[in-house]
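The data block below is data-v4.cif; it holds mmCIF, C-alpha atoms and all ligand atoms.
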```cif
data_target
#
loop_
_atom_site.label_atom_id
_atom_site.label_comp_id
_atom_site.auth_asym_id
_atom_site.auth_seq_id
_atom_site.Cartn_x
_atom_site.Cartn_y
_atom_site.Cartn_z
CA MET G 1 178.49 83.91 69.42
CA SER G 2 176.02 86.76 69.88
CA VAL G 3 173.24 85.00 67.91
CA LYS G 4 172.85 81.30 68.60
CA PRO G 5 173.33 79.39 65.32
CA LYS G 6 170.58 77.05 64.12
CA VAL G 7 171.77 73.45 64.42
CA LEU G 8 170.63 70.62 62.13
CA ILE G 9 171.27 67.07 63.35
CA ALA G 10 171.10 63.94 61.18
CA GLY G 11 170.01 60.96 63.32
CA ALA G 12 168.03 60.56 66.53
CA GLY G 13 170.06 57.80 68.16
CA ILE G 14 171.51 58.21 71.65
CA GLY G 15 174.18 60.57 70.24
CA GLY G 16 171.90 62.83 68.20
CA LEU G 17 169.30 63.08 70.96
CA THR G 18 171.82 63.88 73.69
CA ALA G 19 173.40 66.59 71.54
CA ALA G 20 169.94 67.98 70.74
CA ALA G 21 168.98 68.13 74.42
CA PHE G 22 172.19 69.88 75.49
CA LEU G 23 172.03 72.37 72.61
CA LEU G 24 168.36 73.18 73.24
CA LYS G 25 169.08 73.62 76.94
CA SER G 26 171.82 76.09 75.99
CA GLY G 27 169.38 78.07 73.81
CA TYR G 28 170.25 76.86 70.29
CA PRO G 29 167.42 76.28 67.81
CA VAL G 30 167.68 72.58 66.82
CA ARG G 31 166.12 70.32 64.18
CA VAL G 32 166.80 66.57 64.26
CA PHE G 33 166.14 64.51 61.11
CA GLU G 34 165.50 60.82 61.74
CA GLN G 35 164.97 58.34 58.94
CA ALA G 36 162.72 56.02 60.97
CA PRO G 37 158.96 56.66 60.93
CA ALA G 38 158.78 56.21 64.71
CA LEU G 39 161.25 56.78 67.51
CA GLY G 40 162.51 53.74 69.34
CA GLU G 41 165.43 51.40 69.89
CA ILE G 42 165.96 47.73 69.29
CA GLY G 43 165.30 45.08 71.93
CA ALA G 44 168.70 44.83 73.52
CA GLY G 45 170.50 45.94 76.63
CA ILE G 46 173.08 48.65 77.05
CA HIS G 47 175.24 49.50 80.03
CA MET G 48 176.43 53.00 80.74
CA SER G 49 178.97 54.33 83.21
CA ALA G 50 178.95 57.56 85.22
CA ASN G 51 180.65 59.56 82.46
CA ALA G 52 177.36 59.33 80.52
CA ILE G 53 174.92 59.08 83.43
CA LYS G 54 176.16 62.33 84.98
CA MET G 55 175.34 64.07 81.69
CA PHE G 56 171.81 62.62 81.68
CA CYS G 57 171.33 63.77 85.28
CA HIS G 58 172.27 67.29 84.15
CA LEU G 59 169.30 67.05 81.76
CA GLY G 60 167.03 66.36 84.76
CA LEU G 61 166.71 62.62 84.07
CA ALA G 62 167.98 61.27 87.42
CA ASP G 63 164.56 60.03 88.63
CA GLY G 64 163.70 58.47 85.28
CA LEU G 65 167.05 56.69 85.14
CA GLU G 66 166.57 55.34 88.64
CA LYS G 67 163.15 53.95 87.62
CA VAL G 68 164.28 52.12 84.47
CA GLY G 69 167.92 51.35 85.25
CA VAL G 70 169.37 48.38 87.09
CA LYS G 71 172.44 49.04 89.25
CA PRO G 72 174.97 46.20 89.13
CA ARG G 73 177.05 45.65 92.26
CA ALA G 74 180.18 44.56 90.37
CA TYR G 75 181.95 43.86 87.08
CA VAL G 76 183.00 40.21 87.04
CA PHE G 77 185.25 38.31 84.60
CA ARG G 78 184.85 34.52 84.50
CA LEU G 79 186.58 31.70 82.64
CA PHE G 80 184.47 30.14 79.92
CA GLN G 81 184.57 26.52 81.12
CA SER G 82 185.38 26.37 84.82
CA GLY G 83 183.42 29.53 85.65
CA GLU G 84 186.31 30.64 87.88
CA ILE G 85 186.22 34.37 88.67
CA ILE G 86 189.55 35.77 87.48
CA GLN G 87 188.89 39.43 88.19
CA THR G 88 186.21 41.60 89.68
CA PHE G 89 185.82 45.25 90.52
CA PRO G 90 183.07 47.04 92.40
CA LEU G 91 180.41 49.15 90.71
CA GLY G 92 177.35 50.02 92.86
CA GLU G 93 178.05 52.58 95.61
CA GLU G 94 181.79 52.60 94.87
CA HIS G 95 181.26 53.74 91.27
CA ARG G 96 178.90 56.48 92.43
CA ARG G 97 181.31 57.57 95.18
CA LEU G 98 184.26 57.79 92.77
CA HIS G 99 182.49 59.32 89.78
CA GLY G 100 179.40 61.09 91.08
CA ALA G 101 176.74 58.96 89.34
CA PRO G 102 175.69 55.31 89.18
CA TYR G 103 176.65 52.67 86.66
CA TYR G 104 173.38 51.52 85.07
CA LEU G 105 172.18 48.64 82.93
CA PHE G 106 169.24 49.48 80.66
CA HIS G 107 166.95 48.16 78.03
CA ARG G 108 167.85 50.37 75.04
CA ALA G 109 164.21 51.34 74.48
CA ASP G 110 164.00 52.75 78.03
CA ILE G 111 167.01 55.06 77.83
CA HIS G 112 166.04 56.16 74.32
CA GLU G 113 162.52 57.05 75.51
CA LEU G 114 163.92 59.16 78.35
CA LEU G 115 166.12 61.09 75.92
CA VAL G 116 163.26 61.63 73.47
CA GLY G 117 161.21 63.00 76.38
CA ALA G 118 164.03 65.36 77.39
CA VAL G 119 164.29 66.73 73.84
CA ARG G 120 160.53 67.10 73.39
CA ASP G 121 160.16 68.87 76.76
CA LEU G 122 162.63 71.46 75.49
CA ASP G 123 161.07 71.70 72.01
CA PRO G 124 158.12 69.49 71.02
CA ASP G 125 158.87 70.04 67.30
CA ALA G 126 162.61 69.43 67.38
CA VAL G 127 162.53 65.89 65.95
CA ARG G 128 161.36 65.27 62.37
CA LEU G 129 160.54 61.61 61.66
CA SER G 130 160.55 59.84 58.26
CA SER G 131 163.27 62.30 57.27
CA THR G 132 166.22 60.59 55.64
CA VAL G 133 169.20 62.84 55.05
CA GLU G 134 170.69 62.38 51.60
CA GLY G 135 173.40 65.03 51.73
CA PHE G 136 174.14 68.68 52.31
CA GLU G 137 175.27 71.83 50.52
CA GLU G 138 177.33 74.57 52.11
CA LYS G 139 177.11 78.08 50.65
CA GLY G 140 178.83 80.83 52.57
CA SER G 141 177.81 80.25 56.14
CA THR G 142 174.53 78.48 55.29
CA ILE G 143 174.12 74.73 55.34
CA THR G 144 171.25 73.15 53.43
CA VAL G 145 170.33 69.61 54.32
CA ARG G 146 168.70 67.60 51.53
CA LEU G 147 166.24 64.83 52.38
CA THR G 148 165.54 61.88 50.12
CA ASP G 149 161.90 62.93 49.62
CA GLY G 150 162.95 66.23 48.07
CA ARG G 151 162.49 68.40 51.17
CA SER G 152 165.37 70.50 52.45
CA GLU G 153 166.14 72.71 55.42
CA GLU G 154 168.65 75.48 56.03
CA GLY G 155 170.72 76.01 59.13
CA ASP G 156 174.09 77.28 60.33
CA LEU G 157 175.64 74.02 61.47
CA LEU G 158 175.09 70.34 60.59
CA ILE G 159 175.96 67.47 62.94
CA GLY G 160 176.11 64.00 61.40
CA ALA G 161 174.92 61.71 64.20
CA ASP G 162 173.70 59.17 61.67
CA GLY G 163 175.62 56.13 62.87
CA ILE G 164 178.27 53.89 61.34
CA LYS G 165 176.85 54.16 57.80
CA SER G 166 176.73 57.97 58.03
CA VAL G 167 176.03 59.81 54.80
CA VAL G 168 177.29 63.03 56.37
CA ARG G 169 180.62 61.36 57.08
CA GLU G 170 180.84 60.10 53.51
CA GLN G 171 180.42 63.65 52.20
CA ILE G 172 183.07 65.04 54.56
CA LEU G 173 185.62 62.23 54.41
CA GLY G 174 184.80 60.47 51.14
CA LYS G 175 183.47 57.00 50.50
CA ALA G 176 185.25 54.32 52.51
CA GLU G 177 183.65 51.07 53.55
CA ALA G 178 183.66 50.16 57.24
CA HIS G 179 185.97 47.17 57.93
CA TYR G 180 184.70 43.89 59.30
CA THR G 181 186.67 43.28 62.52
CA GLY G 182 186.57 39.48 62.32
CA ASN G 183 184.05 39.43 65.17
CA ALA G 184 180.33 38.80 65.01
CA ALA G 185 177.93 39.24 67.92
CA TRP G 186 174.91 37.23 69.00
CA ARG G 187 172.21 39.07 70.91
CA ILE G 188 169.31 37.59 72.85
CA LEU G 189 167.06 38.72 75.71
CA VAL G 190 165.86 36.03 78.12
CA PRO G 191 163.26 36.41 80.92
CA THR G 192 164.96 35.77 84.28
CA GLU G 193 162.06 33.52 85.37
CA ARG G 194 163.31 30.88 82.90
CA LEU G 195 166.72 30.70 84.58
CA SER G 196 167.88 29.02 87.75
CA ARG G 197 170.32 31.84 88.67
CA ASP G 198 169.62 34.29 91.50
CA ALA G 199 167.67 37.02 89.69
CA THR G 200 168.28 39.58 92.43
CA ASP G 201 172.08 39.54 92.30
CA PHE G 202 172.78 42.15 89.63
CA VAL G 203 176.28 41.86 88.19
CA MET G 204 177.93 42.67 84.85
CA THR G 205 179.53 39.38 83.86
CA VAL G 206 182.03 38.93 81.05
CA TRP G 207 182.72 35.27 80.27
CA VAL G 208 186.06 35.01 78.47
CA GLY G 209 187.28 32.13 76.33
CA PRO G 210 189.22 31.09 73.23
CA GLY G 211 188.11 33.21 70.29
CA ALA G 212 184.93 34.41 71.97
CA HIS G 213 183.42 36.13 74.97
CA ALA G 214 179.93 36.64 76.31
CA VAL G 215 178.61 39.66 78.18
CA VAL G 216 175.66 38.88 80.45
CA TYR G 217 173.65 41.43 82.42
CA ASN G 218 170.13 42.53 83.28
CA ALA G 219 168.56 44.80 80.65
CA ARG G 220 165.65 45.15 83.07
CA ALA G 221 165.14 43.54 86.47
CA ASP G 222 163.34 40.63 84.75
CA ARG G 223 165.34 40.35 81.51
CA ILE G 224 168.83 39.01 80.94
CA CYS G 225 170.73 40.41 77.97
CA PHE G 226 173.31 38.08 76.44
CA VAL G 227 175.76 39.42 73.86
CA GLY G 228 178.07 36.67 72.66
CA SER G 229 180.94 37.82 70.44
CA VAL G 230 182.68 35.20 68.35
CA GLU G 231 185.62 35.39 66.00
CA SER G 232 184.22 34.36 62.67
CA SER G 233 185.06 34.71 59.00
CA ASP G 234 181.38 34.36 58.24
CA TRP G 235 179.49 37.51 59.07
CA SER G 236 176.05 38.94 58.62
CA GLU G 237 175.73 42.56 57.60
CA GLU G 238 176.25 45.40 60.10
CA SER G 239 172.68 45.45 61.30
CA TRP G 240 170.96 44.96 64.61
CA THR G 241 168.01 43.23 63.05
CA VAL G 242 169.40 40.23 61.19
CA LYS G 243 168.02 37.02 62.72
CA CYS G 244 170.11 33.87 62.64
CA ASP G 245 169.68 30.23 63.43
CA TRP G 246 169.58 29.53 67.18
CA SER G 247 171.43 26.24 66.73
CA GLN G 248 174.46 28.11 65.35
CA MET G 249 174.64 30.14 68.56
CA ARG G 250 174.20 26.99 70.65
CA ASP G 251 177.10 25.39 68.73
CA ASP G 252 179.31 28.49 69.15
CA PHE G 253 178.99 28.15 72.95
CA SER G 254 178.49 24.38 73.29
CA ALA G 255 181.74 23.92 75.26
CA TRP G 256 180.99 26.76 77.67
CA HIS G 257 179.95 26.75 81.33
CA PRO G 258 176.41 25.47 82.14
CA GLU G 259 175.31 29.00 83.21
CA VAL G 260 176.08 30.31 79.72
CA ARG G 261 174.43 27.33 78.04
CA GLU G 262 171.33 27.68 80.23
CA ILE G 263 170.77 31.23 78.94
CA ILE G 264 171.08 30.09 75.33
CA GLU G 265 168.82 27.07 75.91
CA ASN G 266 166.11 29.40 77.22
CA ALA G 267 166.21 31.94 74.37
CA ASP G 268 163.19 32.30 72.09
CA ARG G 269 164.47 30.31 69.12
CA ASP G 270 163.07 32.73 66.55
CA GLN G 271 164.52 35.80 68.30
CA CYS G 272 168.26 35.27 67.94
CA TYR G 273 170.13 38.10 66.25
CA ARG G 274 173.66 38.00 64.89
CA TRP G 275 175.53 40.79 63.24
CA GLY G 276 179.03 41.64 62.09
CA LEU G 277 181.06 44.14 64.12
CA PHE G 278 182.56 46.83 61.90
CA ILE G 279 184.89 49.76 62.54
CA ARG G 280 186.39 52.51 60.42
CA SER G 281 189.97 53.66 60.01
CA LYS G 282 191.13 56.40 62.33
CA VAL G 283 190.94 59.93 60.94
CA ASP G 284 192.70 63.12 62.01
CA HIS G 285 189.65 65.37 61.45
CA TRP G 286 185.92 64.93 61.24
CA SER G 287 184.72 68.47 60.56
CA GLN G 288 184.57 70.55 57.39
CA GLY G 289 183.31 74.12 57.25
CA HIS G 290 180.11 74.18 59.29
CA VAL G 291 179.63 70.40 59.37
CA THR G 292 180.85 67.89 61.92
CA LEU G 293 180.22 64.35 63.20
CA LEU G 294 179.56 62.67 66.50
CA GLY G 295 179.05 59.19 67.91
CA ASP G 296 179.47 56.16 65.65
CA ALA G 297 179.48 58.39 62.57
CA ALA G 298 182.78 59.83 63.83
CA HIS G 299 184.43 56.94 65.70
CA ALA G 300 182.76 53.54 65.49
CA THR G 301 184.47 51.10 67.86
CA LEU G 302 184.32 47.47 68.85
CA PRO G 303 181.89 47.34 71.78
CA PHE G 304 184.39 45.52 74.04
CA LEU G 305 184.72 48.39 76.51
CA ALA G 306 180.98 49.23 76.38
CA GLN G 307 181.69 52.88 75.64
CA GLY G 308 180.37 53.56 72.10
CA ALA G 309 177.14 55.24 73.19
CA VAL G 310 178.87 56.78 76.21
CA MET G 311 181.36 58.47 73.85
CA ALA G 312 178.46 59.77 71.72
CA VAL G 313 176.99 61.33 74.88
CA GLU G 314 180.31 62.97 75.82
CA ASP G 315 180.68 64.28 72.24
CA GLY G 316 177.34 66.11 72.39
CA VAL G 317 178.18 67.78 75.69
CA VAL G 318 181.66 68.87 74.64
CA LEU G 319 180.39 70.15 71.28
CA THR G 320 177.78 72.30 73.06
CA ARG G 321 180.44 73.73 75.38
CA CYS G 322 182.71 74.51 72.41
CA LEU G 323 179.90 76.39 70.66
CA ASP G 324 179.09 78.26 73.88
CA ARG G 325 182.68 79.31 74.32
CA CYS G 326 183.90 80.19 70.80
CA SER G 327 183.22 83.23 68.69
CA SER G 328 182.78 81.29 65.41
CA ILE G 329 181.50 77.88 64.35
CA GLU G 330 184.83 77.01 62.68
CA GLU G 331 186.72 77.75 65.89
CA ALA G 332 184.20 75.71 67.91
CA LEU G 333 184.42 72.67 65.60
CA ASP G 334 188.19 72.82 65.68
CA LEU G 335 188.23 72.90 69.48
CA TYR G 336 185.67 70.06 69.54
CA GLN G 337 187.60 67.64 67.35
CA ARG G 338 190.93 68.56 68.94
CA ASN G 339 189.54 67.49 72.31
CA ARG G 340 187.47 64.53 71.25
CA ILE G 341 189.70 62.70 68.74
CA PRO G 342 192.38 61.66 71.28
CA ARG G 343 189.85 60.43 73.82
CA THR G 344 187.72 58.45 71.38
CA SER G 345 190.86 57.03 69.71
CA ARG G 346 191.96 55.67 73.07
CA VAL G 347 188.57 54.01 73.53
CA ILE G 348 188.90 52.39 70.08
CA GLU G 349 192.41 51.15 70.88
CA GLU G 350 191.51 49.75 74.30
CA SER G 351 188.38 48.08 72.91
CA THR G 352 190.49 46.41 70.23
CA ASP G 353 193.03 45.33 72.88
CA ASN G 354 190.18 43.75 74.82
CA ALA G 355 189.38 41.58 71.80
CA ARG G 356 192.86 40.08 72.25
CA LEU G 357 192.72 39.88 76.06
CA PHE G 358 189.25 38.31 76.24
CA HIS G 359 189.89 35.72 73.51
CA LEU G 360 193.17 34.07 74.59
CA ALA G 361 193.56 30.42 73.73
CA THR G 362 193.39 28.66 77.11
CA GLU G 363 192.10 29.22 80.63
CA GLU G 364 195.71 29.28 81.82
CA ASP G 365 196.62 32.06 79.34
CA LEU G 366 193.54 34.02 80.35
CA ARG G 367 194.23 33.63 84.08
CA LYS G 368 197.84 34.83 83.58
CA ALA G 369 196.92 37.81 81.39
CA PHE G 370 194.20 38.98 83.76
CA ALA G 371 196.57 38.66 86.72
CA GLU G 372 198.77 41.31 85.09
CA ARG G 373 195.95 43.85 84.79
CA THR G 374 193.66 45.67 87.22
CA LEU G 375 190.92 46.67 84.85
CA GLY G 376 188.77 48.48 87.42
CA ALA G 377 191.61 50.71 88.62
CA GLU G 378 192.67 51.45 85.04
CA ARG G 379 189.16 52.43 83.93
CA ASN G 380 188.53 54.47 87.07
CA GLN G 381 191.65 56.48 86.31
CA TRP G 382 191.03 57.48 82.70
CA LEU G 383 187.65 56.35 81.49
CA TYR G 384 184.81 56.61 83.98
CA ASN G 385 186.21 59.74 85.67
CA TYR G 386 185.88 61.99 82.59
CA ASP G 387 183.40 64.79 83.16
CA ALA G 388 182.40 66.31 79.81
CA LEU G 389 180.78 69.24 81.61
CA SER G 390 183.95 70.36 83.34
CA VAL G 391 186.92 68.79 81.54
CA GLU G 392 189.40 71.44 80.48
CA LEU G 393 189.15 72.13 76.73
CA THR G 394 192.51 72.96 75.21
P1 LIG G 401 173.17 55.13 66.21
O1 LIG G 401 172.70 54.51 67.47
O2 LIG G 401 173.55 54.24 65.08
O3 LIG G 401 172.04 56.14 65.75
C1 LIG G 401 172.04 56.71 64.45
C2 LIG G 401 170.63 57.22 64.16
O4 LIG G 401 170.66 57.87 62.89
C3 LIG G 401 169.59 56.11 64.03
O5 LIG G 401 168.42 56.48 64.70
C4 LIG G 401 169.37 55.99 62.52
O6 LIG G 401 168.06 55.54 62.19
C5 LIG G 401 169.59 57.42 62.09
N1 LIG G 401 170.05 57.57 60.69
C6 LIG G 401 170.98 56.87 60.04
N2 LIG G 401 171.15 57.33 58.79
C7 LIG G 401 170.30 58.38 58.67
C8 LIG G 401 170.03 59.29 57.60
N3 LIG G 401 170.68 59.22 56.43
N4 LIG G 401 169.10 60.25 57.80
C9 LIG G 401 168.44 60.36 58.99
N5 LIG G 401 168.66 59.50 60.03
C10 LIG G 401 169.59 58.54 59.87
N6 LIG G 401 177.77 51.36 73.85
C11 LIG G 401 177.73 51.64 75.18
O7 LIG G 401 177.98 52.79 75.57
N7 LIG G 401 177.43 50.67 76.09
C12 LIG G 401 177.16 49.38 75.71
O8 LIG G 401 176.86 48.52 76.55
C13 LIG G 401 177.23 49.06 74.33
N8 LIG G 401 177.01 47.79 73.91
C14 LIG G 401 177.10 47.51 72.57
C15 LIG G 401 176.95 46.19 72.16
C16 LIG G 401 177.05 45.89 70.82
C17 LIG G 401 176.98 44.46 70.40
C18 LIG G 401 177.28 46.92 69.86
C19 LIG G 401 177.39 46.61 68.40
C20 LIG G 401 177.43 48.22 70.27
C21 LIG G 401 177.36 48.53 71.62
N9 LIG G 401 177.54 49.83 72.08
C22 LIG G 401 177.51 50.11 73.41
C23 LIG G 401 177.80 50.91 71.10
C24 LIG G 401 176.54 51.73 70.86
O9 LIG G 401 175.45 50.92 70.51
C25 LIG G 401 176.79 52.75 69.76
O10 LIG G 401 178.05 53.33 69.91
C26 LIG G 401 175.74 53.84 69.84
O11 LIG G 401 174.46 53.30 69.62
C27 LIG G 401 176.04 54.93 68.81
O12 LIG G 401 175.04 55.91 68.90
P2 LIG G 401 174.85 56.94 67.71
O13 LIG G 401 173.73 57.83 68.14
O14 LIG G 401 176.16 57.54 67.35
O15 LIG G 401 174.43 56.07 66.45
#
```

Kindly return the structure encoded in the file as structure tokens.
Amino acid sequence: MSVKPKVLIAGAGIGGLTAAAFLLKSGYPVRVFEQAPALGEIGAGIHMSANAIKMFCHLGLADGLEKVGVKPRAYVFRLFQSGEIIQTFPLGEEHRRLHGAPYYLFHRADIHELLVGAVRDLDPDAVRLSSTVEGFEEKGSTITVRLTDGRSEEGDLLIGADGIKSVVREQILGKAEAHYTGNAAWRILVPTERLSRDATDFVMTVWVGPGAHAVVYNARADRICFVGSVESSDWSEESWTVKCDWSQMRDDFSAWHPEVREIIENADRDQCYRWGLFIRSKVDHWSQGHVTLLGDAAHATLPFLAQGAVMAVEDGVVLTRCLDRCSSIEEALDLYQRNRIPRTSRVIEESTDNARLFHLATEEDLRKAFAERTLGAERNQWLYNYDALSVELT
């Protein structure tokens, strides 16, 4: 396109910010509308593989990532009661050697702050806070975004990066509630000094057991993040900020290995969060005219492959490349969804499969099922090796 279109983005989560940074870097004027009055992320961990980290490095964030990120040496799967290791694969140097960037564990606030900095370095006025998108109008080739306080802004393209409850999605695809997956997740952060484990051995551990699993890793060098997913017909709303009774979490994991119970015992009792895990039905398109979606707004997934935010990052990079390459916005959005729907659908499917694999009924069933899979080799072959900057777009 001879003149770079003006891009409006709803939502300044990891997806919206990454897209904003890549688009600004490529010379597009960008405005991001974020409903929150201040930028920030909730107090939880997040782990991200090379397919996202390489993109952040391209934004010049390598030093910042190295300062705030923790590099785990391995991914380890353990049985819920005996603690037996039933599978492990290397991360650390091996992940970097294979995929060109490290695997990092972060506190969400740290990675979010780095991305905000990257966007503001490119355009200090790009992000508008306290700006809740209500909807949009499309007239000819102009998109007008309406905010709930009566303000509006015109642009050439709108990206809905406004998460699982996306209003942009609703306007493109119609009203459809997200489905509860039958899984709820507990989230706590525990200072490592309260635990007897070796705080310098950084590993990504997934404890697997009947109807539940627990992911344990360092969100910072001195903080353990515990995300315990349980099958449950009783769910809280889809929200990161709903607190629940600590004793319910203790009961959910009361039969588990002492290392798991020690983490729960040492949680701040008034800081235990539990929320329902929701997904949406698969769609065959997520663009309309000059409007499209990315991240959870487009393809919310169970987090059991730890790739939701990573997919949002890839989306933003591929979308920028499509705009750079095509002669019209329609053509670019078509190329974008054609390339991103199959990949993100596979992530959704494999994440859902992991719910079955991780939650088998007995240690014997789990041991057998894991013996038939080599998760590291599988992921290295299709997941972590994707390079959104160079993958062929067809
Ligand atoms: P969001 O993070 O939801 O951001 C949306 C933004 O839009 C928010 O800032 C919101 O305030 C704003 N917004 C919403 N509505 C409006 C509106 N109307 N107007 C303006 N602004 C609006 N992924 C990983 O890659 N690795 C992991 O380890 C990982 N662990 C996870 C663990 C759990 C338990 C869960 C539930 C998810 C996990 N994920 C993980 C998934 C990841 O959190 C999400 O996929 C990711 O945050 C999606 O980013 P996003 O930018 O698309 O949406």

- request: Return the single residue from G:Ile188, G:Leu105, G:Ala118, G:Ala12 that is closest to ligand LIG 401 (chain G), with distances computed using all atoms listed in the file.
  value: G:Ala12

- request: Grab me every residue within 6 Å of ligand LIG 401 (chain G), counting all atoms listed in the file, and send it over as a VMD selection string.
  value: chain G and resid 10 to 16 33 to 36 46 to 48 131 to 134 161 to 163 166 to 167 185 295 to 297 303 306 to 310 312

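Minimum atom-to-atom distance to G:Ile264, evaluated using only C-alpha atoms, belongs to G:Pro191 out of G:Gly60, G:Gly376, G:Pro191, G:Gly92.
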
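When atom CA of G:Leu17 is paired with atom CA of G:Val119, their separation reads 6.8 Å.
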
- request: Might you pull out every residue within 9 Å of stretch 246-255 of chain G, with only C-alpha atoms counted and same-chain residues fewer than 2 positions away left off, and present them as a PyMOL selection string?
  value: chain G and resi 80-81+186+212+228+230+243-244+257-258+260-261+264-265+267-274

- prompt: How would you write as number ranges by chain the residues that get within 9 Å of (184.3, 68.0, 79.0) in the file's frame, counting only C-alpha atoms?
  reply: G: 314-315, 317-319, 321, 339, 386-393

Given all atoms listed in the file as the counted atoms, nearest of G:Val116, G:Cys322, G:Ala109, G:Leu383 to G:Ala50: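 Checking each candidate against G:Ala50, we get G:Leu383 as the closest.
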
- request: Using all atoms listed in the file, find the one residue out of G:Leu323, G:Ala126, G:Val242, G:Ala178 that sits nearest to G:Ser26.
  value: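 Looking only at the distances to G:Ser26, the closest residue turns out to be G:Leu323.
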
task: For atom CA of G:Glu372 and atom CA of G:Ile85, quote the distance in Å rounded to one decimal.
output: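 Atom CA of G:Glu372 sits 14.8 Å away from atom CA of G:Ile85.
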
message: Which residue is closest to G:Thr181? Choose from G:Ile263, G:Ile53, G:Ala300, G:Leu115 and count only C-alpha atoms.
response: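 Nearest candidate to G:Thr181 out of G:Ile263, G:Ile53, G:Ala300, G:Leu115: G:Ala300.
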
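Here atom CA of G:Thr344 and atom CA of G:Ser281 stand 12.5 Å from one another.
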
Counting all atoms listed in the file, the option among G:Arg78, G:Ile86, G:Ser287, G:Glu231 closest to G:Glu170: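 Distance minimum relative to G:Glu170 lands on G:Ser287.
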
Contact residues around stretch 61-76 of chain G with only C-alpha atoms at 9 Å, ignoring same-chain residues under 3 positions, as a PyMOL selection string: chain G and resi 53-54+56-58+85-94+102-107+110-111+114-115+118+201-207+217-221+376

message: Give me, as number ranges by chain, all polymer residues having an atom no more than 9 Å from G:Ser152, counting all atoms listed in the file and skipping those fewer than 6 positions away in the same chain.
response: G: 133, 136, 144-146

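Omitting G:Asp234 and its sequence neighbours fewer than 3 positions away, and counting all atoms listed in the file, the residues within 10 Å are Gly182, Asn183, Ala184, Glu231, Glu237 and Gly276 of chain G.
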
Given the selection you just returned, output its residues as a file containing C-alpha atoms, formatted as a compact mmCIF listing (two decimals), in the coordinates of the input.
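So the final result, stored in again21.txt, reads:
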```txt
# COMPACT_ATOMS: atom_id res chain seq x y z
CA GLY G 182 186.57 39.48 62.32
CA ASN G 183 184.05 39.43 65.17
CA ALA G 184 180.33 38.80 65.01
CA GLU G 231 185.62 35.39 66.00
CA GLU G 237 175.73 42.56 57.60
CA GLY G 276 179.03 41.64 62.09
```

message: Set the distance at 12 Å and use all atoms listed in the file: which residues neighbour G:Glu137 once local chain neighbours fewer than 5 positions away are removed? I'd like the list as an MDAnalysis selection string.
response: chainID G and resid 142:147 152:158 168 171:172 288:291
